[in-house]
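Below is one structure, written out as structure tokens; comments come after it.
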Amino acid sequence: LPLAFGEWNNGAKNWVDIPFVGSFQPSEIVKLSVVLVLAYFFSAHRTVWQMMPALLFAAACLVLLMLQRDLGTALIYYLTTLVLFYVACGNVPLTVIGMGGGVGAAVLGYQMFAHVKVRVAMWRNPWSDPTDKGYQIIQALLAIGSGGLFGVGLGQGTPEKIPAYYNDFIFAVVCEELGLVGACLVLLLFALLIIRGYWLALNARDRFGSLVIVGITTLFAFQVFANVAVVTNLFPVTGISLPFFSYGGSALIIQLAEMGLILSISRQNPAS
């Protein structure tokens with residue numbers, strides 16, 4: 001849909017605008033679809049050849065994301081697929097090869113797309129272009145620093161200085177208004193939710209339910225890590241939102257659906 005009807009935005013073409021309804025991001029819906037398809041095939045089959053239809057489905061999704069130049073989401077898809085593959089079959093050599101292929105794809109993406117080169121350059125030195133390309137990350141770092149230990153107070157910050165502060169850079173607002181203590185508490189809550197998810201996967205009643213929870217929890221974990229890493233300039237800008245914090249209807253609806261699935265599966269487990 002984005003390739004046919006979408007518009008380019010920040011180097012990617014990943015949104016679809018529906019008249020009188022609004023815009024949504026199809027890749028958010030497909031995130032959950034990828035997890036369900038992979039979990040279904042991986043729970044029913046043990047060998048790599050039997051898993052091949054699911055891997056081809058995941059590869060097709062990755063190709064579409066590459067064509068849309070939505071490299072951040074492609075990275076999340078790829079890593080989640082690798083984790084689910086390893087959990088399902090425990091094949092270390094193929095998993096390592098897959099990790100190497102991911103590194104190769106990242107290098108290829110850097111060589112092919114100009115906006116990726118710009119993002120990497122700003123990640124290495126945002127002060128080389130402080131009024132344009134590096135402005136966003138510089139303002140985010142200043143907001144994080146100005147928050148200090150306890151922050152300036154909820155609603156008392158100046159988030160409007162950060163482009164896309166309500167979406168991809170919402171964690172910088174958390175750091176500014178709640179400080180280091182508040183940001184660490186938020187990260188602790190994320191960590192507890194992720195740990196709880198993997199515990200539920202270990203104790204799920206059946207293999208399919210276990211793999212679904214592993215896939216959803218892994219998606220969640222990678223999104224949190226990638227978003228926080230971008231905001232703190234550990235990673236180049238990827239356009240990945242922070243679950244349950246970033247503004248966005250399609251992402252929030254899918255995240256709530258993912259939590260609903262985990263709760264549904266956990267209810268079947270007496271130990272939960």
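Ligands are numbered from 1 in the order shown, residues from 1 within each chain, and chains are lettered A, B, ... in the order they appear in the structure tokens.
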
Excluding A:Asn227 and residues on its chain fewer than 4 positions from it, collect all residues at most 9 Å away from it, counting only C-alpha atoms, and give them as a VMD selection string. chain A and resid 168 to 169 171 222 to 223 231 to 232 235 237 to 242

Report as a list in words all protein, DNA and RNA residues lying within 10 Å of A:Ala164, evaluated on only C-alpha atoms, omitting residues in the same chain fewer than 5 positions from it.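 Within the cut-off, the hits are Gln136, Pro159, Phe169, Ile170, Gly239, Ser246 and Tyr247 of chain A.
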
Which of stretch 38-272 of chain A counts as helix (DSSP H, G or I) under DSSP, as JSON, numbers by chain please? {"A": [38, 39, 40, 41, 42, 43, 44, 48, 49, 50, 51, 52, 53, 54, 55, 56, 57, 58, 59, 60, 61, 62, 63, 64, 65, 66, 67, 68, 71, 72, 73, 74, 75, 76, 77, 78, 79, 80, 81, 82, 83, 84, 85, 86, 87, 88, 89, 92, 93, 94, 95, 96, 97, 98, 99, 100, 101, 102, 103, 104, 105, 106, 107, 108, 109, 110, 111, 112, 114, 115, 116, 117, 118, 119, 120, 121, 122, 123, 124, 126, 127, 128, 135, 136, 137, 138, 139, 140, 141, 142, 143, 144, 145, 146, 147, 159, 160, 161, 170, 171, 172, 173, 174, 175, 176, 177, 178, 179, 180, 181, 182, 183, 184, 185, 186, 187, 188, 189, 190, 191, 192, 193, 194, 195, 196, 197, 198, 199, 200, 201, 202, 207, 208, 209, 210, 211, 212, 213, 214, 215, 216, 217, 218, 219, 220, 221, 222, 223, 224, 225, 226, 227, 228, 229, 230, 231, 249, 250, 251, 252, 253, 254, 255, 256, 257, 258, 259, 260, 261, 262, 263, 264, 265, 266, 267]}

Close residues, A:Arg207 itself excluded, 10 Å, only C-alpha atoms, min 5 positions apart in chain, as number ranges by chain: A: 39-40, 42-44, 88, 201-202, 212

Saved selection, atoms kept: N, CA and C atoms, as a PDB file, in the first residue's frame:
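Result went into out_27.pdb, see below:
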ATOM      1  N   ALA A  39       5.321 -17.928  14.181  1.00  0.00           N
ATOM      2  CA  ALA A  39       5.004 -18.801  15.316  1.00  0.00           C
ATOM      3  C   ALA A  39       4.202 -20.017  14.871  1.00  0.00           C
ATOM      4  N   TYR A  40       3.279 -19.823  13.924  1.00  0.00           N
ATOM      5  CA  TYR A  40       2.462 -20.938  13.440  1.00  0.00           C
ATOM      6  C   TYR A  40       3.320 -21.991  12.740  1.00  0.00           C
ATOM      7  N   PHE A  42       6.700 -22.294  12.789  1.00  0.00           N
ATOM      8  CA  PHE A  42       7.785 -22.807  13.627  1.00  0.00           C
ATOM      9  C   PHE A  42       7.266 -23.765  14.697  1.00  0.00           C
ATOM     10  N   SER A  43       6.025 -23.589  15.145  1.00  0.00           N
ATOM     11  CA  SER A  43       5.478 -24.496  16.157  1.00  0.00           C
ATOM     12  C   SER A  43       5.076 -25.841  15.562  1.00  0.00           C
ATOM     13  N   ALA A  44       4.768 -25.846  14.271  1.00  0.00           N
ATOM     14  CA  ALA A  44       4.316 -27.073  13.616  1.00  0.00           C
ATOM     15  C   ALA A  44       5.462 -27.855  12.988  1.00  0.00           C
ATOM     16  N   ALA A  88      12.978 -21.559  18.036  1.00  0.00           N
ATOM     17  CA  ALA A  88      12.200 -22.679  17.508  1.00  0.00           C
ATOM     18  C   ALA A  88      13.051 -23.901  17.212  1.00  0.00           C
ATOM     19  N   ALA A 201       6.373 -16.944  28.318  1.00  0.00           N
ATOM     20  CA  ALA A 201       6.688 -17.804  27.167  1.00  0.00           C
ATOM     21  C   ALA A 201       7.253 -19.145  27.632  1.00  0.00           C
ATOM     22  N   LEU A 202       8.101 -19.109  28.656  1.00  0.00           N
ATOM     23  CA  LEU A 202       8.679 -20.353  29.178  1.00  0.00           C
ATOM     24  C   LEU A 202       7.624 -21.261  29.794  1.00  0.00           C
ATOM     25  N   VAL A 212       4.517 -17.186  20.119  1.00  0.00           N
ATOM     26  CA  VAL A 212       3.829 -15.901  19.936  1.00  0.00           C
ATOM     27  C   VAL A 212       4.301 -14.899  20.980  1.00  0.00           C
TER      28      VAL A 212
END

Set the distance at 12 Å and use only C-alpha atoms: which residues neighbour A:Met99 once local chain neighbours fewer than 5 positions away are removed? I'd like the list as a list in words. Leu75, Tyr78, Leu79, Thr80, Thr81, Leu82, Val83, Phe85, Tyr86, Val92, Pro93, Leu94, Gly104, Ala105 and Ala106 of chain A

Secondary structure check, strand (DSSP E or B) residues of stretch 13-144 of chain A, as JSON, numbers by chain: {"A": [16, 17, 18, 22, 23, 24]}

A:Leu261 surroundings by only C-alpha atoms, 12 Å radius, close-in-sequence under 2 positions cut, as a list in words: Leu32, Val35, Leu36, Gly197, Leu200, Ala201, Phe208, Gly209, Ser210, Leu211, Val212, Ile213, Val214, Gly215, Ile216, Thr217, Ile254, Gln255, Leu256, Ala257, Glu258, Met259, Leu263, Ser264, Ile265, Ser266, Arg267 and Gln268 of chain A

With only C-alpha atoms as the basis for distance, which of A:Leu234, A:Val107, A:Val48, A:Leu3 is at the shortest distance from A:Gly90?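 Nearest candidate to A:Gly90 out of A:Leu234, A:Val107, A:Val48, A:Leu3: A:Val48.
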
Just want the 12 Å neighbourhood of A:Gly182, counted on only C-alpha atoms, with same-chain residues fewer than 2 positions away dropped. Output as a VMD selection string. chain A and resid 144 147 to 154 171 to 180 184 to 189

Rank nothing, just name the residue among A:Gly6, A:Gly109, A:Pro163, A:Gly102 nearest to A:Ile137, using only C-alpha atoms. A:Pro163

Counting only C-alpha atoms, which of A:Asn14, A:Ile162, A:Cys89, A:Gln68 gets nearest to A:Trp49?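 Closest to A:Trp49 of all the choices is A:Cys89.
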
What separation in Å, quoted to one decimal, exists between atom CA of A:Val30 and atom CA of A:Val118?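 Separation of atom CA of A:Val30 and atom CA of A:Val118: 27.9 Å.
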
Pick out the closest residue to A:Lys133 from this set: A:Val120, A:Gly145, A:Ala54, A:Gly260. Count only C-alpha atoms.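 Ranked by minimum distance to A:Lys133, first place goes to A:Val120.
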
Of the residues A:Ile76, A:Ala121, A:Met112, A:Val21, which is the one nearest to A:Asn233, using only C-alpha atoms?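 Smallest separation from A:Asn233 among the options: A:Ala121.
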
Give me, please, the distance in Å between atom CA of A:Leu193 and atom CA of A:Phe225, quoted to one decimal. 13.4 Å

One residue among A:Ile97, A:Leu71, A:Val34, A:Met51 is nearest to A:Val116 when using only C-alpha atoms, and that residue is A:Leu71
